[in-house]
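Here is the file start-v8.cif (mmCIF, C-alpha atoms).
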data_protein
#
loop_
_atom_site.label_atom_id
_atom_site.label_comp_id
_atom_site.auth_asym_id
_atom_site.auth_seq_id
_atom_site.Cartn_x
_atom_site.Cartn_y
_atom_site.Cartn_z
CA MET A 3 146.50 114.23 77.05
CA ILE A 4 146.82 116.92 74.41
CA GLU A 5 150.33 115.69 73.63
CA THR A 6 148.91 112.18 73.15
CA LEU A 7 146.18 113.58 70.89
CA LYS A 8 148.82 115.30 68.73
CA GLY A 9 150.25 111.90 67.82
CA LEU A 10 146.92 110.52 66.56
CA LYS A 11 145.80 110.76 62.94
CA THR A 12 142.37 112.42 62.92
CA GLU A 13 142.35 114.31 59.61
CA ASN A 14 139.72 112.01 58.09
CA MET A 15 137.30 112.86 60.92
CA TYR A 16 137.29 116.52 59.88
CA LEU A 17 133.96 117.49 58.25
CA ASN A 18 132.91 113.87 58.43
CA ASP A 19 130.16 111.86 60.14
CA PHE A 20 130.26 109.24 62.88
CA PHE A 21 128.15 106.19 61.99
CA HIS A 22 129.70 102.94 63.29
CA THR A 23 132.73 102.44 65.52
CA TRP A 24 134.15 99.72 63.24
CA LYS A 25 134.31 102.25 60.38
CA GLU A 26 136.79 104.35 62.40
CA THR A 27 140.52 103.66 62.71
CA ASP A 28 142.21 102.84 66.03
CA ASP A 29 143.67 106.37 66.09
CA GLU A 30 140.23 107.89 65.53
CA ILE A 31 138.63 105.81 68.29
CA ASN A 32 141.45 106.72 70.68
CA ALA A 33 141.12 110.39 69.71
CA VAL A 34 137.46 110.39 70.75
CA PHE A 35 138.46 109.00 74.14
CA GLU A 36 141.27 111.54 74.55
CA VAL A 37 139.14 114.55 73.60
CA ALA A 38 136.30 113.33 75.83
CA GLU A 39 138.68 113.10 78.80
CA ILE A 40 140.21 116.52 78.03
CA LEU A 41 136.78 118.18 77.81
CA ARG A 42 135.71 116.51 81.05
CA ALA A 43 138.88 117.67 82.83
CA MET A 44 138.37 121.22 81.54
CA ARG A 45 134.80 121.32 82.80
CA GLU A 46 135.86 119.93 86.18
CA ASN A 47 138.36 122.79 86.41
CA ASN A 48 135.84 125.41 85.21
CA ILE A 49 137.77 126.10 82.00
CA SER A 50 135.50 127.13 79.12
CA THR A 51 135.07 124.57 76.35
CA LYS A 52 132.81 126.80 74.25
CA VAL A 53 134.26 126.78 70.74
CA PHE A 54 131.12 128.13 69.04
CA ASP A 55 129.71 131.64 69.49
CA SER A 56 126.50 130.64 67.70
CA GLY A 57 124.98 127.70 65.89
CA LEU A 58 122.55 124.85 66.37
CA GLY A 59 122.70 121.21 67.28
CA ILE A 60 119.67 119.58 65.65
CA SER A 61 118.30 116.50 67.43
CA VAL A 62 116.04 114.00 65.68
CA PHE A 63 114.68 111.29 67.98
CA ARG A 64 112.47 108.74 66.26
CA ASP A 65 112.42 106.61 69.41
CA ASN A 66 112.06 107.43 73.10
CA SER A 67 115.16 108.56 74.96
CA THR A 68 116.25 110.04 78.28
CA ARG A 69 120.03 109.57 78.67
CA THR A 70 121.00 110.04 75.02
CA ARG A 71 118.65 112.98 74.52
CA PHE A 72 120.06 114.86 77.50
CA SER A 73 123.61 113.76 76.69
CA PHE A 74 123.31 115.27 73.21
CA ALA A 75 121.91 118.51 74.66
CA SER A 76 124.70 118.59 77.26
CA ALA A 77 127.37 117.98 74.60
CA CYS A 78 126.06 120.80 72.42
CA ASN A 79 125.89 123.18 75.38
CA LEU A 80 129.42 122.22 76.44
CA LEU A 81 130.69 123.40 73.04
CA GLY A 82 128.49 126.52 72.84
CA LEU A 83 125.72 125.27 70.54
CA GLU A 84 122.00 125.67 71.15
CA VAL A 85 119.84 122.57 70.72
CA GLN A 86 116.75 122.50 68.55
CA ASP A 87 114.69 119.32 68.49
CA LEU A 88 113.04 118.41 65.18
CA ASP A 89 109.58 117.12 66.04
CA GLU A 90 108.47 115.41 62.85
CA LYS A 91 104.84 115.40 63.97
CA VAL A 92 104.61 119.20 63.87
CA SER A 93 106.96 119.82 60.91
CA GLN A 94 106.20 119.86 57.20
CA ILE A 95 107.35 116.24 57.06
CA ALA A 96 103.76 115.41 57.98
CA HIS A 97 102.72 117.17 54.72
CA GLY A 98 105.10 115.19 52.53
CA GLU A 99 108.31 117.20 52.77
CA THR A 100 111.23 115.04 51.61
CA VAL A 101 114.16 114.02 53.80
CA ARG A 102 116.55 115.95 51.55
CA GLU A 103 114.48 119.12 51.78
CA THR A 104 114.09 118.86 55.54
CA ALA A 105 117.81 118.21 56.04
CA ASN A 106 118.73 121.42 54.23
CA MET A 107 115.96 123.56 55.74
CA VAL A 108 117.01 122.79 59.33
CA SER A 109 120.74 123.12 58.64
CA PHE A 110 121.22 126.79 57.75
CA MET A 111 123.03 127.46 61.05
CA ALA A 112 123.49 123.89 62.21
CA ASP A 113 126.91 122.47 63.06
CA VAL A 114 125.73 119.02 64.05
CA ILE A 115 122.70 116.77 63.55
CA GLY A 116 122.19 113.96 66.04
CA ILE A 117 119.78 111.20 65.00
CA ARG A 118 118.27 108.23 66.83
CA ASP A 119 116.43 105.84 64.50
CA ASP A 120 116.73 102.30 65.83
CA MET A 121 113.34 100.66 65.50
CA TYR A 122 113.37 99.06 62.06
CA ILE A 123 115.97 96.88 60.35
CA GLY A 124 117.38 98.45 57.20
CA LYS A 125 115.76 101.83 57.92
CA GLY A 126 117.67 103.77 60.59
CA HIS A 127 121.16 103.77 59.09
CA THR A 128 119.66 104.31 55.62
CA TYR A 129 117.82 107.40 56.87
CA MET A 130 121.00 108.78 58.43
CA LYS A 131 122.94 108.27 55.20
CA THR A 132 120.23 110.10 53.26
CA VAL A 133 120.43 113.08 55.64
CA SER A 134 124.23 113.05 55.40
CA GLU A 135 124.18 113.02 51.61
CA ALA A 136 121.60 115.82 51.54
CA VAL A 137 123.60 118.23 53.71
CA GLN A 138 126.79 117.41 51.79
CA GLU A 139 124.97 118.28 48.58
CA GLY A 140 123.64 121.48 50.14
CA TYR A 141 127.16 122.45 51.24
CA ASN A 142 128.65 121.66 47.81
CA ASP A 143 125.96 123.76 46.08
CA GLY A 144 126.56 126.74 48.39
CA VAL A 145 123.14 126.47 50.06
CA LEU A 146 124.78 125.82 53.44
CA GLU A 147 127.78 127.92 54.54
CA GLN A 148 128.92 125.03 56.75
CA ARG A 149 128.49 121.30 56.48
CA PRO A 150 126.83 119.97 59.65
CA THR A 151 128.35 116.73 60.86
CA LEU A 152 126.03 113.83 61.65
CA VAL A 153 126.33 111.80 64.86
CA ASN A 154 124.62 108.43 65.14
CA LEU A 155 122.74 108.52 68.45
CA GLN A 156 121.57 104.94 67.78
CA CYS A 157 120.50 103.23 64.61
CA ASP A 158 119.37 99.72 63.72
CA ILE A 159 123.00 98.56 63.46
CA ASP A 160 125.14 100.34 66.06
CA HIS A 161 124.89 102.58 69.12
CA PRO A 162 128.37 104.17 69.01
CA THR A 163 127.85 106.86 71.65
CA GLN A 164 126.68 104.18 74.11
CA SER A 165 129.40 101.62 73.40
CA MET A 166 132.13 104.28 73.53
CA ALA A 167 130.80 105.71 76.79
CA ASP A 168 130.73 102.15 78.13
CA MET A 169 134.30 101.56 77.02
CA LEU A 170 135.56 104.82 78.54
CA HIS A 171 133.93 103.75 81.80
CA VAL A 172 135.73 100.38 81.57
CA ILE A 173 139.07 102.05 80.76
CA ASN A 174 138.79 104.25 83.85
CA TYR A 175 137.47 101.43 86.05
CA PHE A 176 140.43 99.17 85.25
CA GLY A 177 142.99 101.98 85.37
CA GLY A 178 143.88 102.34 81.70
CA VAL A 179 143.42 100.80 78.28
CA GLU A 180 146.65 98.83 78.75
CA ASN A 181 144.92 96.80 81.49
CA LEU A 182 142.08 95.53 79.27
CA LYS A 183 143.94 92.83 77.37
CA GLY A 184 142.71 89.40 78.47
CA LYS A 185 139.73 90.76 80.40
CA LYS A 186 136.56 88.76 79.79
CA ILE A 187 133.28 90.53 79.00
CA ALA A 188 129.99 88.65 78.84
CA MET A 189 127.51 90.38 76.55
CA THR A 190 124.43 88.29 77.24
CA TRP A 191 120.77 88.32 76.36
CA ALA A 192 118.50 88.63 79.40
CA TYR A 193 114.80 88.11 79.88
CA SER A 194 112.45 91.06 79.50
CA PRO A 195 108.66 91.20 79.69
CA SER A 196 108.69 93.67 76.77
CA TYR A 197 109.11 93.16 73.04
CA GLY A 198 111.20 94.64 70.23
CA LYS A 199 114.29 95.96 71.99
CA PRO A 200 116.89 97.01 69.38
CA LEU A 201 119.94 94.96 68.45
CA SER A 202 122.29 97.94 68.33
CA VAL A 203 123.53 97.76 71.94
CA PRO A 204 124.83 94.16 71.88
CA GLN A 205 126.14 94.73 68.36
CA GLY A 206 127.85 97.94 69.42
CA ILE A 207 129.49 96.27 72.42
CA ILE A 208 130.93 93.28 70.56
CA GLY A 209 131.91 95.51 67.64
CA LEU A 210 133.97 97.82 69.87
CA PHE A 211 135.20 95.78 72.85
CA SER A 212 136.69 93.16 70.52
CA ARG A 213 139.23 95.79 69.40
CA PHE A 214 141.01 95.91 72.75
CA GLY A 215 142.43 92.40 73.12
CA MET A 216 139.57 91.36 75.37
CA ASP A 217 137.87 87.96 75.53
CA VAL A 218 134.38 88.80 74.30
CA VAL A 219 131.57 86.30 74.80
CA LEU A 220 128.15 86.81 73.23
CA ALA A 221 125.47 84.63 74.84
CA HIS A 222 121.82 84.19 73.93
CA PRO A 223 119.14 81.50 73.71
CA GLU A 224 118.74 79.68 70.42
CA GLY A 225 117.02 81.90 67.88
CA TYR A 226 118.01 85.23 69.42
CA ASP A 227 120.68 85.91 66.83
CA ILE A 228 122.06 89.34 65.98
CA MET A 229 123.28 90.54 62.56
CA GLY A 230 125.76 88.19 60.95
CA ASP A 231 127.82 91.07 59.53
CA VAL A 232 128.54 92.37 63.03
CA ILE A 233 129.54 88.89 64.20
CA GLU A 234 132.16 88.91 61.44
CA VAL A 235 133.35 92.36 62.56
CA ALA A 236 133.85 91.05 66.11
CA LYS A 237 135.74 87.98 64.87
CA GLU A 238 138.06 90.09 62.71
CA ASN A 239 138.64 92.62 65.51
CA ALA A 240 139.49 89.88 68.01
CA ALA A 241 141.96 88.28 65.63
CA LYS A 242 143.72 91.61 65.03
CA SER A 243 143.82 92.66 68.68
CA GLY A 244 145.00 89.35 70.11
CA GLY A 245 141.76 88.80 72.01
CA SER A 246 139.02 86.26 71.37
CA PHE A 247 135.36 86.15 70.41
CA LYS A 248 132.93 83.30 70.96
CA ILE A 249 129.20 82.66 71.12
CA ALA A 250 127.78 80.76 74.11
CA ASN A 251 124.35 79.21 74.54
CA THR A 252 124.06 79.66 78.30
CA MET A 253 124.36 82.61 80.63
CA GLU A 254 126.31 80.41 83.05
CA GLU A 255 129.11 79.79 80.52
CA ALA A 256 129.33 83.49 79.67
CA PHE A 257 129.42 84.65 83.32
CA LYS A 258 132.03 82.12 84.49
CA ASP A 259 135.20 84.04 85.46
CA ALA A 260 134.00 87.14 83.62
CA ASP A 261 135.52 90.50 84.56
CA ILE A 262 132.53 92.40 83.11
CA VAL A 263 128.91 91.33 82.60
CA TYR A 264 126.39 93.13 80.41
CA PRO A 265 123.00 91.32 80.60
CA LYS A 266 120.61 93.08 78.21
CA SER A 267 117.48 92.01 76.35
CA TRP A 268 117.08 92.32 72.59
CA ALA A 269 114.71 91.02 69.93
CA PRO A 270 115.91 88.33 67.51
CA PHE A 271 117.18 89.62 64.17
CA ALA A 272 114.59 87.55 62.27
CA VAL A 273 111.81 89.05 64.40
CA MET A 274 113.04 92.59 63.79
CA GLU A 275 113.11 91.90 60.05
CA GLU A 276 109.55 90.55 60.14
CA ARG A 277 108.42 93.49 62.26
CA THR A 278 109.89 95.98 59.78
CA LYS A 279 108.15 94.22 56.88
CA LEU A 280 104.75 94.19 58.61
CA VAL A 281 104.95 97.88 59.55
CA GLY A 282 105.96 98.77 55.98
CA GLU A 283 102.97 96.89 54.62
CA GLY A 284 100.60 98.34 57.21
CA LYS A 285 99.67 94.89 58.54
CA PHE A 286 99.11 96.00 62.11
CA ASP A 287 96.87 93.09 63.11
CA GLU A 288 99.65 90.69 62.12
CA LEU A 289 102.07 92.91 64.05
CA LYS A 290 100.04 92.33 67.21
CA ASP A 291 100.19 88.58 66.60
CA LEU A 292 103.98 88.82 66.17
CA GLU A 293 104.32 90.70 69.45
CA LYS A 294 102.21 88.08 71.24
CA ARG A 295 104.34 85.24 69.84
CA CYS A 296 107.56 87.00 70.80
CA LEU A 297 106.47 87.65 74.37
CA GLU A 298 105.43 84.01 74.71
CA ASN A 299 108.84 82.93 73.43
CA ASN A 300 110.64 85.36 75.76
CA ALA A 301 108.78 83.79 78.68
CA LYS A 302 110.48 80.45 77.98
CA PHE A 303 113.78 82.00 79.06
CA LYS A 304 112.95 83.68 82.35
CA ASN A 305 115.98 81.94 83.85
CA TRP A 306 118.18 84.21 81.71
CA THR A 307 118.51 86.83 84.42
CA CYS A 308 121.43 88.36 86.31
CA THR A 309 121.18 86.90 89.83
CA GLU A 310 123.40 87.08 92.88
CA GLU A 311 124.20 83.39 92.33
CA LEU A 312 125.43 84.05 88.81
CA MET A 313 127.47 87.06 89.93
CA LYS A 314 129.30 84.82 92.42
CA THR A 315 130.61 82.75 89.48
CA THR A 316 132.36 85.76 87.91
CA LYS A 317 136.04 86.66 88.49
CA ASP A 318 136.45 86.62 92.29
CA GLY A 319 132.67 87.16 92.43
CA LYS A 320 133.27 90.85 91.70
CA ALA A 321 132.62 91.39 87.98
CA LEU A 322 131.66 94.89 86.88
CA TYR A 323 127.92 94.90 86.09
CA MET A 324 126.98 97.15 83.17
CA HIS A 325 123.77 98.24 81.47
CA CYS A 326 122.78 101.01 79.05
CA LEU A 327 119.67 101.71 81.19
CA PRO A 328 116.82 101.59 81.86
CA ALA A 329 117.08 97.98 83.05
CA ASP A 330 114.15 95.66 83.67
CA ILE A 331 114.70 95.07 87.41
CA SER A 332 113.04 92.03 88.97
CA GLY A 333 110.81 92.99 91.86
CA LEU A 334 111.08 96.72 91.11
CA SER A 335 110.24 97.81 87.56
CA CYS A 336 108.73 94.42 86.70
CA LYS A 337 107.90 91.10 88.33
CA GLU A 338 110.69 89.25 86.48
CA GLY A 339 113.36 90.92 84.37
CA GLU A 340 116.99 91.28 83.32
CA VAL A 341 118.55 91.68 86.75
CA ASP A 342 117.81 91.10 90.43
CA GLN A 343 117.17 94.28 92.40
CA SER A 344 119.95 93.49 94.88
CA VAL A 345 122.53 93.28 92.08
CA PHE A 346 121.29 96.45 90.41
CA ASP A 347 121.26 98.43 93.65
CA ARG A 348 124.80 97.31 94.49
CA TYR A 349 126.08 98.73 91.19
CA LEU A 350 123.99 101.89 91.11
CA VAL A 351 126.91 104.34 91.43
CA PRO A 352 129.06 102.61 88.76
CA LEU A 353 126.01 102.53 86.46
CA TYR A 354 125.51 106.27 86.84
CA LYS A 355 129.22 106.84 86.23
CA GLU A 356 128.95 104.70 83.09
CA ALA A 357 126.17 106.96 81.80
CA SER A 358 128.06 110.13 82.74
CA TYR A 359 130.67 109.63 80.00
CA LYS A 360 128.17 109.89 77.14
CA PRO A 361 127.91 113.73 76.96
CA TYR A 362 131.70 113.95 76.66
CA ILE A 363 131.87 111.19 74.03
CA ILE A 364 129.27 113.01 71.91
CA ALA A 365 131.03 116.35 72.40
CA ALA A 366 134.32 114.74 71.34
CA MET A 367 132.76 113.35 68.16
CA ILE A 368 131.46 116.82 67.28
CA PHE A 369 134.76 118.51 68.18
CA LEU A 370 136.86 116.19 66.02
CA ALA A 371 134.54 116.72 63.05
CA LYS A 372 134.66 120.52 63.31
CA PHE A 373 138.37 121.20 63.87
CA LYS A 374 141.15 120.12 61.54
CA ASP A 375 143.74 120.61 64.30
CA PRO A 376 141.93 119.46 67.48
CA SER A 377 145.04 119.54 69.70
CA GLY A 378 145.80 123.09 68.56
CA LYS A 379 142.27 124.24 69.32
CA LEU A 380 142.34 122.69 72.78
CA THR A 381 145.71 124.28 73.49
CA GLN A 382 144.24 127.64 72.46
CA LEU A 383 141.33 127.19 74.87
CA LEU A 384 143.74 126.45 77.72
CA ASP A 385 145.98 129.41 76.82
CA ASP A 386 142.94 131.71 76.76
CA ALA A 387 141.96 130.45 80.20
CA LYS A 388 145.35 130.97 81.87
CA PRO A 389 144.92 134.68 82.73
CA ARG A 390 141.48 133.98 84.25
CA ILE A 391 142.79 131.02 86.26
CA LYS A 392 145.57 133.15 87.75
#
When written as structure tokens, how does the structure in this file appear?
Amino acid sequence: MIETLKGLKTENMYLNDFFHTWKETDDEINAVFEVAEILRAMRENNISTKVFDSGLGISVFRDNSTRTRFSFASACNLLGLEVQDLDEKVSQIAHGETVRETANMVSFMADVIGIRDDMYIGKGHTYMKTVSEAVQEGYNDGVLEQRPTLVNLQCDIDHPTQSMADMLHVINYFGGVENLKGKKIAMTWAYSPSYGKPLSVPQGIIGLFSRFGMDVVLAHPEGYDIMGDVIEVAKENAAKSGGSFKIANTMEEAFKDADIVYPKSWAPFAVMEERTKLVGEGKFDELKDLEKRCLENNAKFKNWTCTEELMKTTKDGKALYMHCLPADISGLSCKEGEVDQSVFDRYLVPLYKEASYKPYIIAAMIFLAKFKDPSGKLTQLLDDAKPRIK
């Protein structure tokens, strides 16, 4: 794997940030997968992957998280960094401290900043860019002795650590990236009794999976559109990779002969825009009305759920079921939801395996940003371990 990594061009990842998968080259995407697999293999063989003797990984979660929060902490620990969570409620941000000031104050010994900010359209990615520019300025001015890299742990546009963990799961499940061409994935909306789920997961999936020669189908009820810019990304990727991309209006069309299904609820782009505007203007009574209207509209599409009957229509009735978790499970976590309990339970182990790749994906993103010669550094780690292994 290290020999494969040597042949990939990763120099532009050095001292750089990871925002959206479609901003990275094919070599850079493949390098993340290679390093993730190498780090995982090293850990499985009890070979140290600690490349830092000190330093912090700063986590900023502006939305709730379980898997990504612990994956970021695991990734930092894997590389030898200590995690410090920035709780904005108890920091000077509450007293008017600017983003630029905060970014520099928390970064004196930070090597990476991981941010989740996915709730409001036009806000999350903008915030991340502001933090990135601030630490770059601090590094250029000599305030910071190192320039912490920024990893997007989910914004309003993309969820790169999720989509790449999902893809690494798919690569391993089908026995290699060379086996993905022509595979059909159905990224479909599914009913949820909750409101305001981000767009970044479906956008991240179509924005990445369309690069691998796959037949990508996005399905949703009328009005549940995602960002038009990401649709264009998926179309361009599919054309370049020899795959296809289409939008379907029924779950049945998307599931038919699919190799992979990914039923997941999200809020319509127009709703997320309106929600962002109302919050910004402090119109919270109108926000409650919007939520009520959205839930009523969701309820019109309760038939958009992953059932055993639908699963039987997939390729040989054995499509890989995927979800970023937590799923809305009918009869378990809610009365009616995204997936039948029997389907979810049947895929429990693959779902956990899917989630298990995320710490290594995040660690790989950090690793490639901190080392100009990643293959050389990994070789050094293995050479250092040889006497201990013997």
Among the residues A:Glu135, A:Arg102, A:Ser50, A:Glu275, the one that comes closest to A:Gly82 [using all atoms listed in the file]: A:Ser50
Can you work out which one of A:Tyr362, A:Tyr175, A:Tyr16, A:Trp24 has the shortest atom-to-atom distance to A:Val232, counting all atoms listed in the file?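 Of all the options, A:Trp24 lies closest to A:Val232.
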As an MDAnalysis selection string, please: the residues near A:Leu41 (cut-off 12 Å, all atoms listed in the file, same-chain neighbours under 4 positions excluded). chainID A and resid 3:4 34:37 45:53 77 80:81 359:370 376:377 379:381 383:384
I'd like to know which of A:Arg64, A:Lys242, A:His22, A:Lys285 is closest to A:Met121, using only C-alpha atoms.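 Closest to A:Met121 of all the choices is A:Arg64.
Counting from atom CA of A:Ala236, the distance to atom CA of A:Ile249 is 10.8 Å.
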Using all atoms listed in the file for the distances, tell me which of A:Pro200, A:Pro270, A:Gly209, A:Gly140 is nearest to A:Met166.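 Smallest separation from A:Met166 among the options: A:Gly209.
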Using only C-alpha atoms, determine which residues lie at most 9 Å from A:Ser332, disregarding the query and same-chain residues fewer than 5 positions distant; provide the list as a CSV table (one decimal) with C-alpha atoms, in the coordinates of the input.
chain,number,residue,atom,x,y,z
A,307,THR,CA,118.5,86.8,84.4
A,337,LYS,CA,107.9,91.1,88.3
A,338,GLU,CA,110.7,89.2,86.5
A,339,GLY,CA,113.4,90.9,84.4
A,340,GLU,CA,117.0,91.3,83.3
A,341,VAL,CA,118.6,91.7,86.8
A,342,ASP,CA,117.8,91.1,90.4
A,343,GLN,CA,117.2,94.3,92.4
Restricting the calculation to only C-alpha atoms, which member of A:Ile228, A:Met169, A:Leu7, A:Cys78 is positioned closest to A:Arg213? A:Met169
For the file shown, report as a count of residues only the outcome of the PyMOL selection byres ((chain A and resi 257) around 12) at residue level. 44
